[in-house]
There are 2 protein chains.
Amino acid sequence: MTVLFSKKCEYALQSLLFLAEFQDEGILSADHIANHLDIPKEFVSKILRSLTKSGLVVSQRGKTGGFQLAHAPERISLMDVIADIDGTAVFEDCLFCHPSCNPDAPCPVHETWSLMQNQLSHLMKNTHLDNFIPGQSLHQFQQDVNA
Amino acid sequence: MTVLFSKKCEYALQSLLFLAEFQDEGILSADHIANHLDIPKEFVSKILRSLTKSGLVVSQRGKTGGFQLAHAPERISLMDVIADIDGTAVFEDCLFCHPSCNPDAPCPVHETWSLMQNQLSHLMKNTHLDNFIPGQSLHQFQQDVNA
DNA sequence: GTTATTTCGGACTTATTTATCCTGTTTTAA
DNA sequence: TTAAAACAGGATAAATAAGTCCGAAATAAC
């Protein structure tokens, strides 16, 4: 039932994509974001606070407070978010091998799986928040996937 | 911290790969498998029992009992195992979209992500247990990944 | 200054996954 | 016939992930 990323990471991605899309509106509260994404408010709040700590967003306290991207959407990659929340094991570890498998004594699919991992990793690194804003071009994506 | 598949699925794959590799030795006990894979014995036992129910392996009770593949290794794909244990959501659901995203109103990476999912799905469907037995060719893999 | 609203941070609860235990049944071999 | 070894399966326990709560500090508007 696992779906590549943790719930936390999924919510983080969705929240940042939301912040990117409505960047013009300035600071947005956790409550506002949670309502629009249909995600538990307190959970979003907690996740955004941790993203604040790691520097991906900036926060403002007090009435009319909330969160905002720390950098331009085109400078925040999906990998930045994923690495911060879930880590990079999914892009590095060989899943199908017996425990003894390693680069020196690889299992038969080691190379192939590595290839898939590299493609995934490449896609995440080269996909930025701005690619999700309606109207953006898909050129970069198509190139990456077919590379 | 999620790594594509659940622990259960990972152990299932490793156990079946082990059964495929040592198919000549006939019935192997959960204890034997667990020892070689360094996985909790009772957990392996439980997983193999559920695989017995779904027909991927056959079991024999009593002293000298154990498990064996229900079909030839070349007829069991990784997808068979994954679909049985974890389901296929990871190959179908769009993770990056706002909840409102769907094929009719796709988010900007919908197509690209679908492509990645199809590649992954294709790889899992076209990779069979026999591909992991030492000495097997990698041709089929390389074709799939680069297709 | 007071009040309302929001982030901050930690403690807490709940749900799910992972792992273990125990009792029963089956089968083999001595 | 009996003992040992193994699967069957439900109950339980431990660990992790997901989600909630609350008091405190900050800030804007009145």
# chains A, B, ... in the order shown; residues from 1 in each chain; ligands from 1

$ residues_around --residues "region 117-125 of chain A" --least-positions-apart "5" --cutoff "6 Å" --atoms "only C-alpha atoms (C1' of nucleotides)" --output "number ranges by chain"
A: 77-79, 91

$ write_last_selection --atoms "N, CA and C atoms" --output "mmCIF file, in the first residue's frame"
data_model
loop_
_atom_site.group_PDB
_atom_site.id
_atom_site.type_symbol
_atom_site.label_atom_id
_atom_site.label_comp_id
_atom_site.auth_asym_id
_atom_site.auth_seq_id
_atom_site.Cartn_x
_atom_site.Cartn_y
_atom_site.Cartn_z
ATOM 1 N N SER A 77 13.304 22.445 -6.626
ATOM 2 C CA SER A 77 13.009 21.196 -7.335
ATOM 3 C C SER A 77 12.222 20.248 -6.444
ATOM 4 N N LEU A 78 11.551 19.303 -7.086
ATOM 5 C CA LEU A 78 10.824 18.290 -6.317
ATOM 6 C C LEU A 78 11.792 17.530 -5.421
ATOM 7 N N MET A 79 13.010 17.317 -5.947
ATOM 8 C CA MET A 79 14.010 16.599 -5.161
ATOM 9 C C MET A 79 14.365 17.334 -3.874
ATOM 10 N N PHE A 91 15.985 6.375 -4.155
ATOM 11 C CA PHE A 91 16.733 6.577 -5.391
ATOM 12 C C PHE A 91 18.082 5.859 -5.387
#

$ interface_residues --of "chain B" --to "chain C" --cutoff "12 Å" --atoms "only C-alpha atoms (C1' of nucleotides)" --output "list in words"
Thr2, Ser6, Lys7, Lys8, Cys9, Tyr11, Ile39, Pro40, Lys41, Glu42, Phe43, Val44, Ser45, Lys46, Ile47, Ser59, Gln60, Arg61, Gly62, Lys63, Thr64, Gly65 and Gly66 of chain B

$ select_by_dssp --residues "region 56-96 of chain A" --states "helix (DSSP H, G or I)" --output "PyMOL selection string"
chain A and resi 73-75+78-85+89-92

$ interface_residues --of "chain D" --to "chain A" --cutoff "9 Å" --atoms "only C-alpha atoms (C1' of nucleotides)" --output "ChimeraX atom specification"
/D:17-20,25-29

$ write_last_selection --atoms "N, CA and C atoms (P, O5', C5', C4', C3', O3' and C1' of nucleotides)" --output "mmCIF file, in the first residue's frame"
data_model
loop_
_atom_site.group_PDB
_atom_site.id
_atom_site.type_symbol
_atom_site.label_atom_id
_atom_site.label_comp_id
_atom_site.auth_asym_id
_atom_site.auth_seq_id
_atom_site.Cartn_x
_atom_site.Cartn_y
_atom_site.Cartn_z
ATOM 1 P P DA D 17 8.654 5.977 10.018
ATOM 2 O "O5'" DA D 17 7.118 6.311 9.799
ATOM 3 C "C5'" DA D 17 6.298 5.359 9.145
ATOM 4 C "C4'" DA D 17 4.889 5.873 9.094
ATOM 5 C "C3'" DA D 17 4.736 7.305 8.617
ATOM 6 O "O3'" DA D 17 3.649 7.308 7.693
ATOM 7 C "C1'" DA D 17 3.722 7.079 10.731
ATOM 8 P P DA D 18 3.136 8.666 7.000
ATOM 9 O "O5'" DA D 18 1.917 9.049 7.938
ATOM 10 C "C5'" DA D 18 0.817 8.159 8.021
ATOM 11 C "C4'" DA D 18 -0.249 8.770 8.882
ATOM 12 C "C3'" DA D 18 -0.626 10.203 8.501
ATOM 13 O "O3'" DA D 18 -2.038 10.226 8.366
ATOM 14 C "C1'" DA D 18 -0.140 10.067 10.821
ATOM 15 P P DG D 19 -2.788 11.596 7.902
ATOM 16 O "O5'" DG D 19 -3.155 12.235 9.318
ATOM 17 C "C5'" DG D 19 -4.020 11.516 10.184
ATOM 18 C "C4'" DG D 19 -4.070 12.197 11.517
ATOM 19 C "C3'" DG D 19 -4.486 13.672 11.489
ATOM 20 O "O3'" DG D 19 -5.731 13.766 12.149
ATOM 21 C "C1'" DG D 19 -2.748 13.266 13.050
ATOM 22 P P DT D 20 -6.393 15.226 12.454
ATOM 23 O "O5'" DT D 20 -5.977 15.465 13.979
ATOM 24 C "C5'" DT D 20 -6.377 14.512 14.948
ATOM 25 C "C4'" DT D 20 -6.057 15.034 16.337
ATOM 26 C "C3'" DT D 20 -6.599 16.423 16.660
ATOM 27 O "O3'" DT D 20 -7.377 16.299 17.845
ATOM 28 C "C1'" DT D 20 -4.307 16.281 17.246
ATOM 29 P P DA D 25 5.954 33.171 26.456
ATOM 30 O "O5'" DA D 25 6.165 33.681 24.956
ATOM 31 C "C5'" DA D 25 7.068 32.985 24.104
ATOM 32 C "C4'" DA D 25 6.877 33.469 22.686
ATOM 33 C "C3'" DA D 25 6.961 34.997 22.523
ATOM 34 O "O3'" DA D 25 7.795 35.286 21.415
ATOM 35 C "C1'" DA D 25 4.952 34.189 21.575
ATOM 36 P P DA D 26 8.231 36.792 21.058
ATOM 37 O "O5'" DA D 26 7.341 37.108 19.783
ATOM 38 C "C5'" DA D 26 7.573 36.367 18.593
ATOM 39 C "C4'" DA D 26 6.505 36.719 17.584
ATOM 40 C "C3'" DA D 26 6.421 38.205 17.214
ATOM 41 O "O3'" DA D 26 6.466 38.285 15.802
ATOM 42 C "C1'" DA D 26 4.277 37.356 17.758
ATOM 43 P P DT D 27 7.031 39.639 15.074
ATOM 44 O "O5'" DT D 27 5.684 40.278 14.516
ATOM 45 C "C5'" DT D 27 4.891 39.496 13.637
ATOM 46 C "C4'" DT D 27 3.474 40.017 13.635
ATOM 47 C "C3'" DT D 27 3.325 41.529 13.463
ATOM 48 O "O3'" DT D 27 2.814 41.747 12.164
ATOM 49 C "C1'" DT D 27 1.723 40.600 14.974
ATOM 50 P P DA D 28 2.759 43.230 11.528
ATOM 51 O "O5'" DA D 28 1.177 43.397 11.403
ATOM 52 C "C5'" DA D 28 0.427 42.358 10.813
ATOM 53 C "C4'" DA D 28 -1.054 42.604 11.039
ATOM 54 C "C3'" DA D 28 -1.493 44.032 10.779
ATOM 55 O "O3'" DA D 28 -2.696 44.003 10.008
ATOM 56 C "C1'" DA D 28 -2.087 43.387 12.980
ATOM 57 P P DA D 29 -3.340 45.400 9.459
ATOM 58 O "O5'" DA D 29 -4.609 45.534 10.406
ATOM 59 C "C5'" DA D 29 -5.532 44.445 10.463
ATOM 60 C "C4'" DA D 29 -6.589 44.751 11.511
ATOM 61 C "C3'" DA D 29 -7.206 46.154 11.405
ATOM 62 O "O3'" DA D 29 -8.613 46.053 11.571
ATOM 63 C "C1'" DA D 29 -6.327 45.819 13.585
#

$ closest_residue --among "A:Gly55, A:Asp80, A:Asp24, A:Leu37" --to "chain B" --atoms "only C-alpha atoms"
A:Leu37

$ atom_distance --atom1 "CA of Ile76 (chain A)" --atom2 "CA of His128 (chain A)"
5.4 Å

$ atom_distance --atom1 "CA of Phe67 (chain B)" --atom2 "CA of Ser54 (chain B)"
13.4 Å
